[in-house]
$ cat protein_14.txt   # compact mmCIF, C-alpha atoms
# COMPACT_ATOMS: atom_id res chain seq x y z
CA MET T 23 -75.06 -115.53 140.03
CA LYS T 24 -77.28 -112.96 138.31
CA ILE T 25 -78.35 -109.73 139.98
CA GLY T 26 -81.55 -110.32 141.93
CA GLU T 27 -81.03 -114.05 142.45
CA ILE T 28 -82.12 -115.18 145.92
CA LEU T 29 -80.58 -118.07 147.83
CA VAL T 30 -82.67 -119.54 150.68
CA ARG T 31 -81.67 -122.21 153.18
CA VAL T 32 -84.49 -124.20 154.80
CA PRO T 33 -84.32 -127.47 156.80
CA HIS T 34 -85.64 -130.12 154.40
CA LYS T 35 -87.84 -131.95 156.96
CA VAL T 36 -89.50 -130.34 159.98
CA LYS T 37 -91.82 -131.55 162.75
CA LYS T 38 -95.16 -129.72 162.87
CA GLY T 39 -95.32 -126.72 165.19
CA ARG T 40 -91.58 -126.25 165.53
CA ILE T 41 -89.91 -122.85 165.20
CA ILE T 42 -87.28 -122.97 162.45
CA LYS T 43 -84.59 -120.58 161.28
CA ILE T 44 -84.45 -119.39 157.70
CA LEU T 45 -81.40 -117.82 156.02
CA SER T 46 -81.44 -115.87 152.78
CA LEU T 47 -78.91 -114.06 150.62
CA THR T 48 -79.62 -111.85 147.60
CA LYS T 49 -77.20 -110.66 144.94
CA HIS T 50 -77.56 -106.89 144.57
CA PRO T 51 -75.07 -103.97 144.41
CA MET T 52 -77.11 -101.67 146.77
CA ASP T 53 -75.49 -98.42 145.51
CA THR T 54 -76.07 -95.60 148.00
CA GLY T 55 -75.85 -92.66 145.57
CA LEU T 56 -73.09 -91.00 147.63
CA VAL T 57 -70.03 -92.80 146.22
CA LYS T 58 -68.04 -91.39 143.27
CA ASN T 59 -66.49 -93.50 140.55
CA PRO T 60 -62.71 -92.93 140.96
CA LYS T 61 -61.99 -93.16 137.20
CA THR T 62 -64.66 -90.85 135.77
CA GLY T 63 -65.41 -88.71 138.85
CA LYS T 64 -69.17 -89.08 138.37
CA LYS T 65 -71.54 -90.20 141.10
CA ILE T 66 -72.90 -93.74 140.88
CA PRO T 67 -76.72 -93.37 140.90
CA LYS T 68 -78.81 -94.80 143.73
CA TRP T 69 -80.02 -98.35 143.20
CA ILE T 70 -81.27 -100.30 146.20
CA ILE T 71 -83.85 -102.86 147.25
CA TYR T 72 -86.29 -100.84 149.35
CA LYS T 73 -88.88 -103.41 150.39
CA VAL T 74 -89.01 -107.15 151.05
CA ASP T 75 -92.25 -109.06 151.61
CA ILE T 76 -92.34 -112.63 152.89
CA PHE T 77 -95.48 -114.75 152.50
CA TYR T 78 -96.14 -118.12 154.18
CA ASP T 79 -99.23 -119.97 152.96
CA LYS T 80 -100.27 -116.76 151.07
CA ARG T 81 -100.33 -114.77 154.33
CA LEU T 82 -98.00 -111.82 154.89
CA ILE T 83 -95.57 -112.67 157.69
CA THR T 84 -92.80 -110.07 157.66
CA THR T 85 -92.00 -106.92 155.73
CA CYS T 86 -88.60 -105.23 155.70
CA HIS T 87 -88.00 -101.64 154.66
CA TYR T 88 -84.39 -101.08 153.67
CA GLY T 89 -82.56 -97.75 153.61
CA ILE T 90 -79.13 -97.05 152.14
CA GLY T 91 -77.44 -98.38 155.28
CA ILE T 92 -77.93 -102.05 154.40
CA SER T 93 -74.81 -103.69 153.01
CA ALA T 94 -74.36 -104.94 149.45
CA ASN T 95 -75.67 -108.46 148.82
CA PRO T 96 -78.22 -108.14 151.68
CA PHE T 97 -78.40 -111.03 154.12
CA LEU T 98 -81.57 -111.70 156.11
CA SER T 99 -82.39 -114.39 158.64
CA PHE T 100 -85.46 -114.88 160.80
CA TYR T 101 -87.64 -117.57 162.44
CA ILE T 102 -91.02 -118.94 161.41
CA LYS T 103 -93.48 -121.33 163.03
CA ALA T 104 -93.85 -124.35 160.71
CA ASP T 105 -97.57 -125.12 161.12
CA LYS T 106 -98.34 -126.79 157.79
CA LYS T 107 -96.89 -127.91 154.50
CA ALA T 108 -96.98 -124.69 152.51
CA PRO T 109 -94.80 -122.54 150.23
CA LEU T 110 -92.67 -119.68 151.55
CA GLU T 111 -92.43 -116.80 149.10
CA PHE T 112 -89.93 -113.94 148.94
CA VAL T 113 -90.85 -110.81 146.96
CA MET T 114 -88.34 -107.95 146.62
CA TYR T 115 -88.94 -104.51 145.12
CA ASP T 116 -86.24 -102.42 143.48
CA THR T 117 -85.82 -98.65 142.90
CA LYS T 118 -85.43 -99.37 139.16
CA GLY T 119 -88.82 -101.09 139.12
CA ASN T 120 -87.63 -104.69 139.10
CA ILE T 121 -89.37 -107.36 141.17
CA TYR T 122 -87.47 -110.46 142.27
CA LYS T 123 -89.30 -113.57 143.47
CA LYS T 124 -88.40 -116.92 144.97
CA THR T 125 -90.58 -119.69 146.44
CA VAL T 126 -89.45 -122.54 148.70
CA MET T 127 -91.54 -125.42 150.06
CA ILE T 128 -91.53 -126.14 153.78
CA ASN T 129 -92.07 -129.84 154.44
CA ALA T 130 -93.80 -129.94 157.81
CA VAL T 131 -94.55 -133.55 158.79
CA MET L 2 3.15 -89.83 130.56
CA LYS L 3 2.97 -86.83 132.88
CA LYS L 4 1.31 -84.72 130.19
CA GLU L 5 -1.24 -87.44 129.56
CA LYS L 6 -1.93 -87.67 133.28
CA THR L 7 -2.55 -83.95 133.59
CA GLU L 8 -4.66 -84.00 130.45
CA ASN L 9 -6.63 -86.84 132.00
CA PHE L 10 -6.94 -85.18 135.41
CA ILE L 11 -8.44 -81.90 134.29
CA PRO L 12 -11.47 -83.37 132.51
CA ARG L 13 -12.07 -85.59 135.53
CA ARG L 14 -12.12 -82.59 137.84
CA ASP L 15 -14.38 -80.86 135.39
CA PHE L 16 -16.66 -83.85 135.29
CA ILE L 17 -16.87 -84.10 139.09
CA GLY L 18 -17.59 -80.40 139.38
CA LYS L 19 -20.33 -80.56 136.79
CA THR L 20 -21.94 -83.56 138.45
CA ILE L 21 -21.87 -81.82 141.82
CA LYS L 22 -23.46 -78.72 140.28
CA ILE L 23 -26.20 -80.81 138.66
CA ALA L 24 -26.82 -82.68 141.90
CA VAL L 25 -27.03 -79.44 143.89
CA SER L 26 -29.39 -77.89 141.35
CA ALA L 27 -31.56 -81.00 141.44
CA LEU L 28 -31.60 -80.88 145.23
CA ILE L 29 -32.61 -77.21 145.17
CA ALA L 30 -35.35 -77.98 142.67
CA ASP L 31 -36.52 -80.81 144.90
CA GLY L 32 -36.44 -78.54 147.88
CA LEU L 33 -38.42 -75.91 146.00
CA ILE L 34 -41.02 -78.45 145.02
CA GLY L 35 -41.05 -79.73 148.59
CA THR L 36 -41.60 -76.25 150.02
CA ALA L 37 -44.35 -75.63 147.48
CA LEU L 38 -46.08 -78.87 148.53
CA LYS L 39 -45.55 -78.56 152.26
CA PRO L 40 -48.51 -76.30 153.19
CA ALA L 41 -50.98 -78.48 151.28
CA ASP L 42 -49.67 -81.56 153.09
CA ALA L 43 -49.95 -79.81 156.42
CA GLU L 44 -53.55 -78.80 155.67
CA SER L 45 -54.53 -82.35 154.76
CA LYS L 46 -52.83 -83.61 157.92
CA LYS L 47 -54.70 -81.03 159.99
CA ILE L 48 -58.00 -82.17 158.49
CA SER L 49 -57.21 -85.82 159.20
CA LEU L 50 -55.98 -85.06 162.73
CA LYS L 51 -59.28 -83.49 163.78
CA PRO L 52 -60.90 -85.65 166.47
CA ILE L 53 -63.95 -87.52 165.18
CA LYS L 54 -67.15 -86.50 166.93
CA ILE L 55 -69.40 -89.37 167.94
CA LYS L 56 -73.05 -88.52 168.43
CA LYS L 57 -74.00 -90.12 171.73
CA ALA L 58 -77.58 -88.85 171.85
CA TYR L 59 -80.40 -91.28 172.60
CA ILE L 60 -83.26 -91.27 170.10
CA LYS L 61 -86.25 -89.80 171.94
CA GLU L 62 -89.09 -90.23 169.46
CA ILE L 63 -90.01 -92.43 166.53
CA ASN L 64 -93.23 -92.10 164.51
CA GLY L 65 -94.64 -89.85 167.26
CA LYS L 66 -94.09 -92.42 170.03
CA LYS L 67 -91.84 -91.96 173.05
CA VAL L 68 -88.87 -94.32 173.35
CA ILE L 69 -88.21 -95.79 176.83
CA TRP L 70 -84.52 -96.04 177.77
CA ILE L 71 -83.86 -97.97 180.94
CA THR L 72 -80.79 -96.88 182.91
CA GLY L 73 -79.57 -98.81 185.91
CA THR L 74 -80.56 -102.37 186.72
CA PRO L 75 -83.75 -103.50 184.92
CA THR L 76 -86.48 -105.54 186.61
CA PRO L 77 -87.10 -109.11 185.31
CA GLU L 78 -90.19 -107.91 183.41
CA GLN L 79 -88.20 -105.19 181.68
CA LYS L 80 -85.44 -107.66 180.84
CA LEU L 81 -87.86 -109.43 178.50
CA LEU L 82 -88.72 -106.21 176.70
CA ILE L 83 -85.30 -104.59 176.12
CA PRO L 84 -83.87 -105.53 172.70
CA LYS L 85 -80.43 -107.13 172.74
CA LEU L 86 -77.95 -106.56 169.92
CA ARG L 87 -74.98 -108.65 168.96
CA LEU L 88 -72.21 -106.78 167.14
CA PRO L 89 -68.45 -107.28 166.74
CA LEU L 90 -66.31 -105.15 169.11
CA ILE L 91 -64.11 -103.98 166.24
CA ALA L 92 -65.41 -104.08 162.66
CA GLN L 93 -62.50 -104.30 160.23
CA ASP L 94 -64.67 -103.66 157.17
CA GLY L 95 -67.31 -100.97 157.58
CA ALA L 96 -69.13 -102.06 154.42
CA MET L 97 -70.33 -105.31 156.01
CA VAL L 98 -70.96 -105.39 159.76
CA PRO L 99 -73.07 -108.33 160.98
CA LEU L 100 -75.88 -107.29 163.33
CA THR L 101 -78.36 -109.52 165.13
CA MET L 102 -81.19 -108.25 167.33
CA GLU L 103 -83.34 -110.28 169.64
CA VAL L 104 -86.18 -109.91 172.12
CA LYS L 105 -86.81 -112.62 174.73
CA LEU L 106 -90.57 -112.01 174.98
CA PRO L 107 -92.47 -115.04 173.59
CA MET L 108 -94.76 -114.07 170.68
CA SER L 109 -98.44 -114.42 171.60
CA GLN L 110 -101.61 -112.93 170.11
CA GLN L 111 -102.10 -110.56 173.07
CA LYS L 112 -98.64 -109.02 173.04
CA TYR L 113 -95.97 -109.47 170.42
CA LEU L 114 -93.08 -107.63 168.86
CA LYS L 115 -94.30 -105.46 165.99
CA THR L 116 -91.26 -103.68 164.54
CA PHE L 117 -87.53 -103.37 164.91
CA TYR L 118 -85.98 -100.03 163.92
CA VAL L 119 -82.23 -99.81 163.36
CA CYS L 120 -80.71 -96.33 163.71
CA ASP L 121 -77.21 -94.91 163.47
CA LEU L 122 -76.84 -91.17 164.14
CA ASN L 123 -73.32 -90.92 162.67
CA ASN L 124 -74.38 -91.89 159.14
CA PRO L 125 -75.80 -89.45 156.55
CA ARG L 126 -79.21 -91.20 156.71
CA HIS L 127 -80.12 -92.10 160.28
CA LEU L 128 -82.69 -94.83 159.71
CA VAL L 129 -80.91 -97.93 158.40
CA GLY L 130 -84.00 -100.11 158.13
CA SER L 131 -87.15 -101.38 159.77
CA PHE L 132 -88.47 -104.94 160.11
CA THR L 133 -92.10 -105.71 160.95
CA LEU L 134 -92.97 -109.11 162.39
CA THR L 135 -96.18 -111.00 163.25
CA PRO L 136 -97.03 -113.77 165.78
CA ALA L 137 -96.52 -116.32 162.95
CA ASN L 138 -92.77 -115.72 163.31
CA GLY L 139 -92.70 -117.34 166.73
CA ARG L 140 -89.61 -115.48 167.85
CA GLY L 141 -88.48 -111.86 167.81
CA TYR L 142 -85.22 -112.30 166.01
CA ILE L 143 -83.65 -110.69 162.91
CA SER L 144 -80.10 -110.72 161.62
CA THR L 145 -78.68 -108.62 158.77
CA ARG L 146 -75.52 -106.87 157.66
CA ILE L 147 -75.20 -103.08 157.72
CA LYS L 148 -72.82 -100.35 156.55
CA LEU L 149 -71.03 -98.09 159.04
CA LEU L 150 -69.07 -94.90 158.28
CA GLN L 151 -67.19 -94.52 161.56
CA GLN L 152 -67.09 -95.51 165.21
CA SER L 153 -70.62 -95.12 166.51
CA TYR L 154 -73.46 -96.29 168.71
CA VAL L 155 -75.87 -98.57 166.83
CA GLN L 156 -79.35 -98.20 168.31
CA VAL L 157 -82.20 -100.69 168.01
CA LEU L 158 -85.76 -99.75 168.95
CA ALA L 159 -88.39 -102.45 169.56
CA GLU L 160 -92.04 -101.48 169.16
CA TYR L 161 -94.68 -103.76 170.70
CA SER L 162 -98.28 -104.34 169.65
CA ASP L 163 -99.59 -102.27 172.59
CA GLY L 164 -97.64 -99.20 171.43
CA THR L 165 -94.70 -99.10 173.82
CA VAL L 166 -91.18 -98.66 172.40
CA TYR L 167 -88.00 -99.81 174.15
CA GLY L 168 -84.44 -99.05 173.11
CA GLY L 169 -81.05 -100.70 173.30
CA ARG L 170 -77.68 -99.65 171.96
CA GLU L 171 -74.07 -100.74 171.66
CA LEU L 172 -70.71 -99.23 170.63
CA VAL L 173 -68.79 -100.43 167.57
CA LYS L 174 -65.27 -99.43 166.52
CA VAL L 175 -64.72 -99.27 162.77
CA THR L 176 -61.23 -99.34 161.26
CA VAL L 177 -62.18 -98.72 157.58
CA GLY L 178 -65.48 -96.98 156.88
CA GLY L 179 -67.72 -98.17 154.08
CA CYS L 180 -70.67 -95.90 153.43
$ encode --input "protein_14.txt" --output "structure tokens"
Amino acid sequence: MKIGEILVRVPHKVKKGRIIKILSLTKHPMDTGLVKNPKTGKKIPKWIIYKVDIFYDKRLITTCHYGIGISANPFLSFYIKADKKAPLEFVMYDTKGNIYKKTVMINAV
Amino acid sequence: MKKEKTENFIPRRDFIGKTIKIAVSALIADGLIGTALKPADAESKKISLKPIKIKKAYIKEINGKKVIWITGTPTPEQKLLIPKLRLPLIAQDGAMVPLTMEVKLPMSQQKYLKTFYVCDLNNPRHLVGSFTLTPANGRGYISTRIKLLQQSYVQVLAEYSDGTVYGGRELVKVTVGGC
């Protein structure tokens, strides 16, 4: 897995109007900026994901603001109401300026 | 034969004596080093033996809004509003503690859960994270993993669309900190 890759688990067929659970896992070191490297004695600079936006049918559903207290390889799970057949999009912003994206289709029948 | 024996005996005695001397000198040297190291060891032990202070304070305000803490038995209406957290009793690894928070209030357009704040007063940065939801979520539920430095009270504050904030907290014991 590369850094910034997002894994999402979605039920592959859903009845319309049901509330479904969504699980996601991102690969990221989430360095706090407080830990020292034991070999060199220098501080590892801060590098975290600070914001996550989730869009469903191009409408903003949830936003998460992360501090340094979120663990490495952040895990996030939540519920959504599956109204229609539409894409679910994850957008993550990094302190180094990187943007990670992932889209998943939700098949509401 | 006797001469040989005596000739043999004396070097042996000499050898034993020398070895004893060397051993004693080594022991003294060890002791000296030990005495030199002892105070430093004691200091480090003293530092580690200090009792860890746990901040038990309730968070009173967030973003200029008062937080409501309900003590005693809550009424059925309040039961819907207080956030519930699920945490392990003892977290073996402080770098990855699973945390789920939930509110039983059904999400409707009139009143819904707006934000979850996660706070931990024993960590260098108090605010761990915040999660804003909308009625399209259908359920006030979030689960993540957080880092904890030491044994502490994890506090979750739930802000509703009408501006009221309710709080809930729980104790976690951490064997190895990871912050």
$ closest_residue --input "protein_14.txt" --among "T:Leu45, T:Met52, T:Ile102, T:Ile76" --to "chain L" --atoms "only C-alpha atoms"
T:Ile102
$ interface_residues --input "protein_14.txt" --of "chain T" --to "chain L" --cutoff "12 Å" --atoms "all atoms listed in the file" --output "count of residues only"
53
$ atom_distance --input "protein_14.txt" --atom1 "atom CA of Pro89 of chain L" --atom2 "atom CA of Lys56 of chain L"
19.4 Å
$ atom_distance --input "protein_14.txt" --atom1 "atom CA of Asn64 of chain L" --atom2 "atom CA of Leu172 of chain L"
24.4 Å
$ atom_distance --input "protein_14.txt" --atom1 "atom CA of Ala159 of chain L" --atom2 "atom CA of Ile55 of chain L"
23.1 Å
$ decode --input "protein_14.txt" --residues "segment 104-118 of chain T" --atoms "all heavy atoms" --output "PDB file, in the first residue's frame"
ATOM      1  N   ALA T 104     -28.972   5.597   2.221  1.00  0.00           N
ATOM      2  CA  ALA T 104     -28.805   5.317   0.794  1.00  0.00           C
ATOM      3  C   ALA T 104     -30.092   5.641   0.056  1.00  0.00           C
ATOM      4  O   ALA T 104     -30.974   4.805  -0.097  1.00  0.00           O
ATOM      5  CB  ALA T 104     -28.417   3.858   0.594  1.00  0.00           C
ATOM      6  N   ASP T 105     -30.223   6.891  -0.418  1.00  0.00           N
ATOM      7  CA  ASP T 105     -31.442   7.338  -1.094  1.00  0.00           C
ATOM      8  C   ASP T 105     -31.442   6.973  -2.572  1.00  0.00           C
ATOM      9  O   ASP T 105     -32.469   6.618  -3.129  1.00  0.00           O
ATOM     10  CB  ASP T 105     -31.585   8.866  -0.957  1.00  0.00           C
ATOM     11  CG  ASP T 105     -31.897   9.271   0.460  1.00  0.00           C
ATOM     12  OD1 ASP T 105     -32.521   8.454   1.156  1.00  0.00           O
ATOM     13  OD2 ASP T 105     -31.519  10.374   0.873  1.00  0.00           O
ATOM     14  N   LYS T 106     -30.282   7.124  -3.213  1.00  0.00           N
ATOM     15  CA  LYS T 106     -30.239   6.953  -4.677  1.00  0.00           C
ATOM     16  C   LYS T 106     -28.909   6.337  -5.089  1.00  0.00           C
ATOM     17  O   LYS T 106     -27.978   6.255  -4.284  1.00  0.00           O
ATOM     18  CB  LYS T 106     -30.425   8.309  -5.358  1.00  0.00           C
ATOM     19  CG  LYS T 106     -29.521   9.373  -4.786  1.00  0.00           C
ATOM     20  CD  LYS T 106     -30.199  10.727  -4.813  1.00  0.00           C
ATOM     21  CE  LYS T 106     -29.603  11.647  -3.767  1.00  0.00           C
ATOM     22  NZ  LYS T 106     -30.317  12.889  -3.625  1.00  0.00           N
ATOM     23  N   LYS T 107     -28.864   5.949  -6.360  1.00  0.00           N
ATOM     24  CA  LYS T 107     -27.621   5.394  -6.895  1.00  0.00           C
ATOM     25  C   LYS T 107     -26.695   6.558  -7.223  1.00  0.00           C
ATOM     26  O   LYS T 107     -26.954   7.311  -8.174  1.00  0.00           O
ATOM     27  CB  LYS T 107     -27.923   4.561  -8.147  1.00  0.00           C
ATOM     28  CG  LYS T 107     -26.745   3.758  -8.615  1.00  0.00           C
ATOM     29  CD  LYS T 107     -27.126   2.866  -9.795  1.00  0.00           C
ATOM     30  CE  LYS T 107     -25.921   2.108 -10.290  1.00  0.00           C
ATOM     31  NZ  LYS T 107     -26.279   1.229 -11.410  1.00  0.00           N
ATOM     32  N   ALA T 108     -25.659   6.720  -6.427  1.00  0.00           N
ATOM     33  CA  ALA T 108     -24.791   7.889  -6.587  1.00  0.00           C
ATOM     34  C   ALA T 108     -23.398   7.562  -6.047  1.00  0.00           C
ATOM     35  O   ALA T 108     -23.244   6.649  -5.238  1.00  0.00           O
ATOM     36  CB  ALA T 108     -25.386   9.074  -5.842  1.00  0.00           C
ATOM     37  N   PRO T 109     -22.381   8.321  -6.487  1.00  0.00           N
ATOM     38  CA  PRO T 109     -21.027   8.065  -5.986  1.00  0.00           C
ATOM     39  C   PRO T 109     -20.796   8.677  -4.598  1.00  0.00           C
ATOM     40  O   PRO T 109     -21.369   9.714  -4.261  1.00  0.00           O
ATOM     41  CB  PRO T 109     -20.133   8.731  -7.026  1.00  0.00           C
ATOM     42  CG  PRO T 109     -20.979   9.780  -7.623  1.00  0.00           C
ATOM     43  CD  PRO T 109     -22.389   9.298  -7.582  1.00  0.00           C
ATOM     44  N   LEU T 110     -19.967   8.008  -3.829  1.00  0.00           N
ATOM     45  CA  LEU T 110     -19.536   8.498  -2.515  1.00  0.00           C
ATOM     46  C   LEU T 110     -18.063   8.845  -2.641  1.00  0.00           C
ATOM     47  O   LEU T 110     -17.256   8.008  -3.035  1.00  0.00           O
ATOM     48  CB  LEU T 110     -19.743   7.414  -1.457  1.00  0.00           C
ATOM     49  CG  LEU T 110     -19.480   7.798  -0.017  1.00  0.00           C
ATOM     50  CD1 LEU T 110     -20.649   8.540   0.555  1.00  0.00           C
ATOM     51  CD2 LEU T 110     -19.207   6.572   0.812  1.00  0.00           C
ATOM     52  N   GLU T 111     -17.711  10.104  -2.312  1.00  0.00           N
ATOM     53  CA  GLU T 111     -16.357  10.569  -2.561  1.00  0.00           C
ATOM     54  C   GLU T 111     -15.660  10.965  -1.266  1.00  0.00           C
ATOM     55  O   GLU T 111     -16.233  11.682  -0.444  1.00  0.00           O
ATOM     56  CB  GLU T 111     -16.386  11.762  -3.520  1.00  0.00           C
ATOM     57  CG  GLU T 111     -15.011  12.106  -4.053  1.00  0.00           C
ATOM     58  CD  GLU T 111     -15.040  13.246  -5.055  1.00  0.00           C
ATOM     59  OE1 GLU T 111     -16.092  13.884  -5.184  1.00  0.00           O
ATOM     60  OE2 GLU T 111     -14.001  13.484  -5.684  1.00  0.00           O
ATOM     61  N   PHE T 112     -14.449  10.486  -1.100  1.00  0.00           N
ATOM     62  CA  PHE T 112     -13.608  10.858   0.049  1.00  0.00           C
ATOM     63  C   PHE T 112     -12.526  11.818  -0.445  1.00  0.00           C
ATOM     64  O   PHE T 112     -11.849  11.521  -1.419  1.00  0.00           O
ATOM     65  CB  PHE T 112     -12.916   9.627   0.630  1.00  0.00           C
ATOM     66  CG  PHE T 112     -13.805   8.751   1.450  1.00  0.00           C
ATOM     67  CD1 PHE T 112     -14.740   7.936   0.844  1.00  0.00           C
ATOM     68  CD2 PHE T 112     -13.700   8.727   2.837  1.00  0.00           C
ATOM     69  CE1 PHE T 112     -15.558   7.129   1.588  1.00  0.00           C
ATOM     70  CE2 PHE T 112     -14.519   7.914   3.577  1.00  0.00           C
ATOM     71  CZ  PHE T 112     -15.452   7.109   2.963  1.00  0.00           C
ATOM     72  N   VAL T 113     -12.355  12.948   0.247  1.00  0.00           N
ATOM     73  CA  VAL T 113     -11.275  13.881  -0.070  1.00  0.00           C
ATOM     74  C   VAL T 113     -10.526  14.188   1.217  1.00  0.00           C
ATOM     75  O   VAL T 113     -11.126  14.624   2.199  1.00  0.00           O
ATOM     76  CB  VAL T 113     -11.816  15.189  -0.688  1.00  0.00           C
ATOM     77  CG1 VAL T 113     -10.668  16.077  -1.115  1.00  0.00           C
ATOM     78  CG2 VAL T 113     -12.701  14.896  -1.869  1.00  0.00           C
ATOM     79  N   MET T 114      -9.208  13.959   1.210  1.00  0.00           N
ATOM     80  CA  MET T 114      -8.395  14.174   2.418  1.00  0.00           C
ATOM     81  C   MET T 114      -7.312  15.201   2.138  1.00  0.00           C
ATOM     82  O   MET T 114      -6.683  15.177   1.082  1.00  0.00           O
ATOM     83  CB  MET T 114      -7.760  12.862   2.861  1.00  0.00           C
ATOM     84  CG  MET T 114      -8.785  11.818   3.171  1.00  0.00           C
ATOM     85  SD  MET T 114      -8.099  10.423   3.999  1.00  0.00           S
ATOM     86  CE  MET T 114      -9.585   9.504   4.312  1.00  0.00           C
ATOM     87  N   TYR T 115      -7.087  16.094   3.089  1.00  0.00           N
ATOM     88  CA  TYR T 115      -6.092  17.158   2.949  1.00  0.00           C
ATOM     89  C   TYR T 115      -4.958  16.918   3.947  1.00  0.00           C
ATOM     90  O   TYR T 115      -5.192  16.546   5.093  1.00  0.00           O
ATOM     91  CB  TYR T 115      -6.732  18.526   3.196  1.00  0.00           C
ATOM     92  CG  TYR T 115      -7.869  18.828   2.268  1.00  0.00           C
ATOM     93  CD1 TYR T 115      -9.184  18.499   2.621  1.00  0.00           C
ATOM     94  CD2 TYR T 115      -7.644  19.413   1.030  1.00  0.00           C
ATOM     95  CE1 TYR T 115     -10.229  18.757   1.769  1.00  0.00           C
ATOM     96  CE2 TYR T 115      -8.696  19.680   0.166  1.00  0.00           C
ATOM     97  CZ  TYR T 115      -9.975  19.351   0.545  1.00  0.00           C
ATOM     98  OH  TYR T 115     -11.013  19.606  -0.307  1.00  0.00           O
ATOM     99  N   ASP T 116      -3.750  17.207   3.498  1.00  0.00           N
ATOM    100  CA  ASP T 116      -2.530  16.871   4.201  1.00  0.00           C
ATOM    101  C   ASP T 116      -1.809  18.156   4.616  1.00  0.00           C
ATOM    102  O   ASP T 116      -1.996  19.182   3.987  1.00  0.00           O
ATOM    103  CB  ASP T 116      -1.664  16.077   3.206  1.00  0.00           C
ATOM    104  CG  ASP T 116      -0.667  15.221   3.903  1.00  0.00           C
ATOM    105  OD1 ASP T 116      -0.372  15.535   5.053  1.00  0.00           O
ATOM    106  OD2 ASP T 116      -0.190  14.266   3.284  1.00  0.00           O
ATOM    107  N   THR T 117      -0.962  18.102   5.678  1.00  0.00           N
ATOM    108  CA  THR T 117      -0.188  19.302   6.037  1.00  0.00           C
ATOM    109  C   THR T 117       0.957  19.561   5.062  1.00  0.00           C
ATOM    110  O   THR T 117       1.511  20.650   5.044  1.00  0.00           O
ATOM    111  CB  THR T 117       0.380  19.177   7.456  1.00  0.00           C
ATOM    112  OG1 THR T 117       0.944  17.890   7.618  1.00  0.00           O
ATOM    113  CG2 THR T 117      -0.667  19.434   8.503  1.00  0.00           C
ATOM    114  N   LYS T 118       1.344  18.576   4.245  1.00  0.00           N
ATOM    115  CA  LYS T 118       2.366  18.798   3.219  1.00  0.00           C
ATOM    116  C   LYS T 118       1.753  19.280   1.907  1.00  0.00           C
ATOM    117  O   LYS T 118       2.461  19.466   0.924  1.00  0.00           O
ATOM    118  CB  LYS T 118       3.148  17.499   2.975  1.00  0.00           C
ATOM    119  CG  LYS T 118       4.215  17.240   4.021  1.00  0.00           C
ATOM    120  CD  LYS T 118       5.117  16.100   3.631  1.00  0.00           C
ATOM    121  CE  LYS T 118       6.167  15.884   4.710  1.00  0.00           C
ATOM    122  NZ  LYS T 118       7.003  14.711   4.377  1.00  0.00           N
TER     123      LYS T 118
END
